[in-house]
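**Student:** Below is one structure. I have some questions about it.
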Amino acid sequence: MRVYKGVKDRYQFTHKMNYIIQAQNLVKKYGHFEAVKGIDFNIPKASCFGFLGPNGAGKTTTMSMLYCFVRVTSGSLSIAGLTPPSDEREIKKILGIVPQDNNLDPDLSVFENLVVYARYYGLSLKQSKNKIEELLDFFELGEKRNVRIPQLSGGMKRRLVLARALLHDPKIIILDEPTTGLDPQARHLIWERLESLKKTGKTFVLTTHYMDEAERLCDELVLMDQGKILEQNTPHKLIEKHIGKETIEIIIDNQKVDSILDHLSPFKFTWEKTSARLFIYTHEGHKILEKLIQLNNFEFLHRRSSLEDVFLKLTGRELRE
Amino acid sequence: MITSRFLRVWQRNFVVWTKYYLSTLIGAIGEPLIFLWALGYGMGRYIVHIDGMSYLEFMAPGLWITACMNASSLECTFNTFTRLSTQKTYDAIIATPISPAEIAAGDVLFGATRSFITGNLVLAIYFLFGLIHHWSALFIPFIGFVVGLFFGSLGLCMTALARSYDFFTYYFILVLTPALMLTGVFFPVSNLPQPLRDIVSWVPLTQMVSITRDIFLNRWQWSSVGYIIYTLAFSLLLFLVAAKLMHRRLIK
């Protein structure tokens, strides 16, 4: 509990909800290395819940514990009232998993991939045929049904993996970086499909490195770093709380920073400095802008604050590899 | 616990195999035929007889077993490793209600199926070459299946431990090739020095080679059934190890 900052807000927000996934003090150790260091989260039914964080934050390990690829070291985890590893099979029946890699069967066609995969859930071709046709339509793969996997584009492969995860009508869909490496058209198509699926009452759990994706899809998200949860809230509230509505980026030399901060001292804002930029986070954007225009000495950019600002502020700007 | 879901894994492998079966069959049949021709007709001329048989007759059953052994060994090493590592097919499968042990079972069963298919084809060719004289040969494909289960399980243990394809080169050169040399395929086990002979007699392959030879010659005995059960039990043991290793490899 102590790792949260917005504990009170969160409880007011979530207590009314019906949770489908609940985790308490969840820990994963690989030998001596602690990848996940005792995290708590509750995922409301029919929502989209995001896990964000830099590489090595423990997101993928957390997701893998949800879909039982990784055993929980300690703590409790409940998925629709089921507990891994004893209820592993039952859990997998209600989960649809979109992994980071497109692990499709390259020797088989689009259609065959779905038929073979439906059989893993015990669905015969007869039982799955209608569902397969429906999914091929839904993901605009109908024309590619007889094409083998290596001939598909990245976006098509991703859509096929999504279709594959929906064959057995799962309650919860786990998306591990669903649009990484795709062109904007492909990303938007996937987002639209996910949004329309959300309306059918399915719960989504998502990880992504794209903050625009998280902002668009997630109702609530946690920000992880070094195996801990730094924050949990709605994207909007996270931005409000840590950054303020507006961001002004000023292109500036290091030695001039102090003087400009002096000039801006009458206003309420927080700031951050990188090698060539000063970031001003504020609710009083127009007043600061007026001042900057009056000073007429700087190149600057005024924009709406984004989740990416929160992300960089809370997890720092150093590289993580 | 292993449920009938493992048949779905078998079915997946079979469907994929139908896409490239011709190339695997050419290899599987080609090898024993080349050996048969080179050693049987070529070198065999210099050997009058072994245990009262022509060299061709002596060697044919052993080569037949070799073909079965290779079919499931290749399937459960190189092909399984591709599914496990390169293609990550198994990660896709364990996302469904199928367990790692069921994947192992499906793979071993498919390896044995390939041995069975190869065995039948090689047998048909033997028939055309006039090497089969007794109706008892109809039982031989069953032996091929058992051999397939044994080498499938052993191969799967290797695969679950392998970090790269190179590992299998060692397995084939340092384990399977010596096994062929020592288990009575090319010369009688009785020619081996005593301590080695004792060890080799416990290897299921030796027993399978000798049973197959007996069946070819229609001189099999009920004791052969005991050897088959021994081989099956040995295979089961190896399979359990393979399933355990596979689980450890897939679930962290």
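Ordered as shown in the structure tokens, chains take letters A, B, and onward, while each chain numbers its residues from 1 and ligands are numbered from 1 in the order shown.
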Excluding Leu197 of chain A and any residue of its chain fewer than 5 positions from it, enumerate the residues within 12 Å of it, using only C-alpha atoms, and give them as a count of residues only.

**Tutor:** 21

**Student:** Taking only residues of chain A that have an atom at most 8 Å from an atom of chain B, what is each one's shortest atom pair and its distance in Å to one decimal, using only C-alpha atoms, in chain and number order, as a tab-separated table?

**Tutor:**
residue	atom	partner	partner_atom	distance
A:Tyr67	CA	B:Ala95	CA	7.1
A:Cys68	CA	B:Ile251	CA	7.7
A:Phe69	CA	B:Ile251	CA	5.0
A:Val70	CA	B:Lys252	CA	4.7
A:Arg71	CA	B:Lys252	CA	6.2
A:Glu88	CA	B:Pro97	CA	7.7
A:Arg89	CA	B:Pro97	CA	4.7
A:Glu90	CA	B:Pro97	CA	7.3
A:Lys92	CA	B:Pro97	CA	5.4
A:Lys93	CA	B:Pro97	CA	6.0
A:Gly96	CA	B:Ala95	CA	7.9
A:Ile97	CA	B:Ala95	CA	6.6
A:Asn103	CA	B:Lys88	CA	5.4
A:Leu104	CA	B:Thr89	CA	6.8
A:Asp105	CA	B:Thr89	CA	6.7
A:Pro106	CA	B:Gln87	CA	7.9
A:Asp107	CA	B:Val16	CA	6.3
A:Leu108	CA	B:Val16	CA	6.7
A:Val116	CA	B:Arg12	CA	6.2
A:Tyr117	CA	B:Ile93	CA	7.9
A:Arg119	CA	B:Arg8	CA	6.3
A:Tyr120	CA	B:Arg8	CA	6.0
A:Tyr121	CA	B:Thr96	CA	6.4
A:Gly122	CA	B:Arg5	CA	7.5

**Student:** Quick check for you: according to DSSP on this backbone, which residues of segment 184-242 of chain B are classed as helix (DSSP H, G or I)? Reply as a PyMOL selection string.

**Tutor:** chain B and resi 189-191+194-200+204-216+223-242

**Student:** Considering only C-alpha atoms, return as a ChimeraX atom specification whatever protein or nucleic-acid residues lie within 12 Å of segment 37-42 of chain B, sequence-local ones (same chain, fewer than 4 positions apart) excluded.

**Tutor:** /B:30-33,46-49,53-63,126,129,131,185-187

**Student:** Using only C-alpha atoms, which protein or nucleic acid residues come within 9 Å of Ala80 of chain A? Drop anything in the same chain fewer than 5 positions from it, and give the result as a PDB file with N, CA, C and O atoms, in the first residue's frame.

**Tutor:**
ATOM      1  N   TYR A  19     -14.649  -6.082  -9.284  1.00  0.00           N
ATOM      2  CA  TYR A  19     -13.328  -6.446  -9.827  1.00  0.00           C
ATOM      3  C   TYR A  19     -13.328  -7.816 -10.464  1.00  0.00           C
ATOM      4  O   TYR A  19     -13.902  -8.743  -9.948  1.00  0.00           O
ATOM      5  N   ILE A  20     -12.597  -7.940 -11.560  1.00  0.00           N
ATOM      6  CA  ILE A  20     -12.439  -9.262 -12.169  1.00  0.00           C
ATOM      7  C   ILE A  20     -11.055  -9.835 -11.866  1.00  0.00           C
ATOM      8  O   ILE A  20     -10.893 -11.045 -11.780  1.00  0.00           O
ATOM      9  N   ILE A  21     -10.074  -8.948 -11.684  1.00  0.00           N
ATOM     10  CA  ILE A  21      -8.740  -9.426 -11.307  1.00  0.00           C
ATOM     11  C   ILE A  21      -8.292  -8.664 -10.065  1.00  0.00           C
ATOM     12  O   ILE A  21      -8.420  -7.437 -10.007  1.00  0.00           O
ATOM     13  N   GLN A  22      -7.802  -9.398  -9.075  1.00  0.00           N
ATOM     14  CA  GLN A  22      -7.328  -8.755  -7.853  1.00  0.00           C
ATOM     15  C   GLN A  22      -5.973  -9.335  -7.471  1.00  0.00           C
ATOM     16  O   GLN A  22      -5.795 -10.552  -7.493  1.00  0.00           O
ATOM     17  N   ILE A  91      -8.572 -20.821 -15.775  1.00  0.00           N
ATOM     18  CA  ILE A  91      -8.194 -19.432 -16.046  1.00  0.00           C
ATOM     19  C   ILE A  91      -7.937 -19.251 -17.543  1.00  0.00           C
ATOM     20  O   ILE A  91      -8.422 -18.308 -18.167  1.00  0.00           O
ATOM     21  N   ILE A  94     -10.822 -18.628 -19.881  1.00  0.00           N
ATOM     22  CA  ILE A  94     -11.502 -17.330 -19.948  1.00  0.00           C
ATOM     23  C   ILE A  94     -10.562 -16.199 -20.362  1.00  0.00           C
ATOM     24  O   ILE A  94     -10.965 -15.049 -20.422  1.00  0.00           O
ATOM     25  N   LYS A 171     -13.431 -13.824 -21.472  1.00  0.00           N
ATOM     26  CA  LYS A 171     -13.934 -12.695 -20.678  1.00  0.00           C
ATOM     27  C   LYS A 171     -12.878 -11.604 -20.579  1.00  0.00           C
ATOM     28  O   LYS A 171     -13.189 -10.434 -20.488  1.00  0.00           O
TER      29      LYS A 171
END
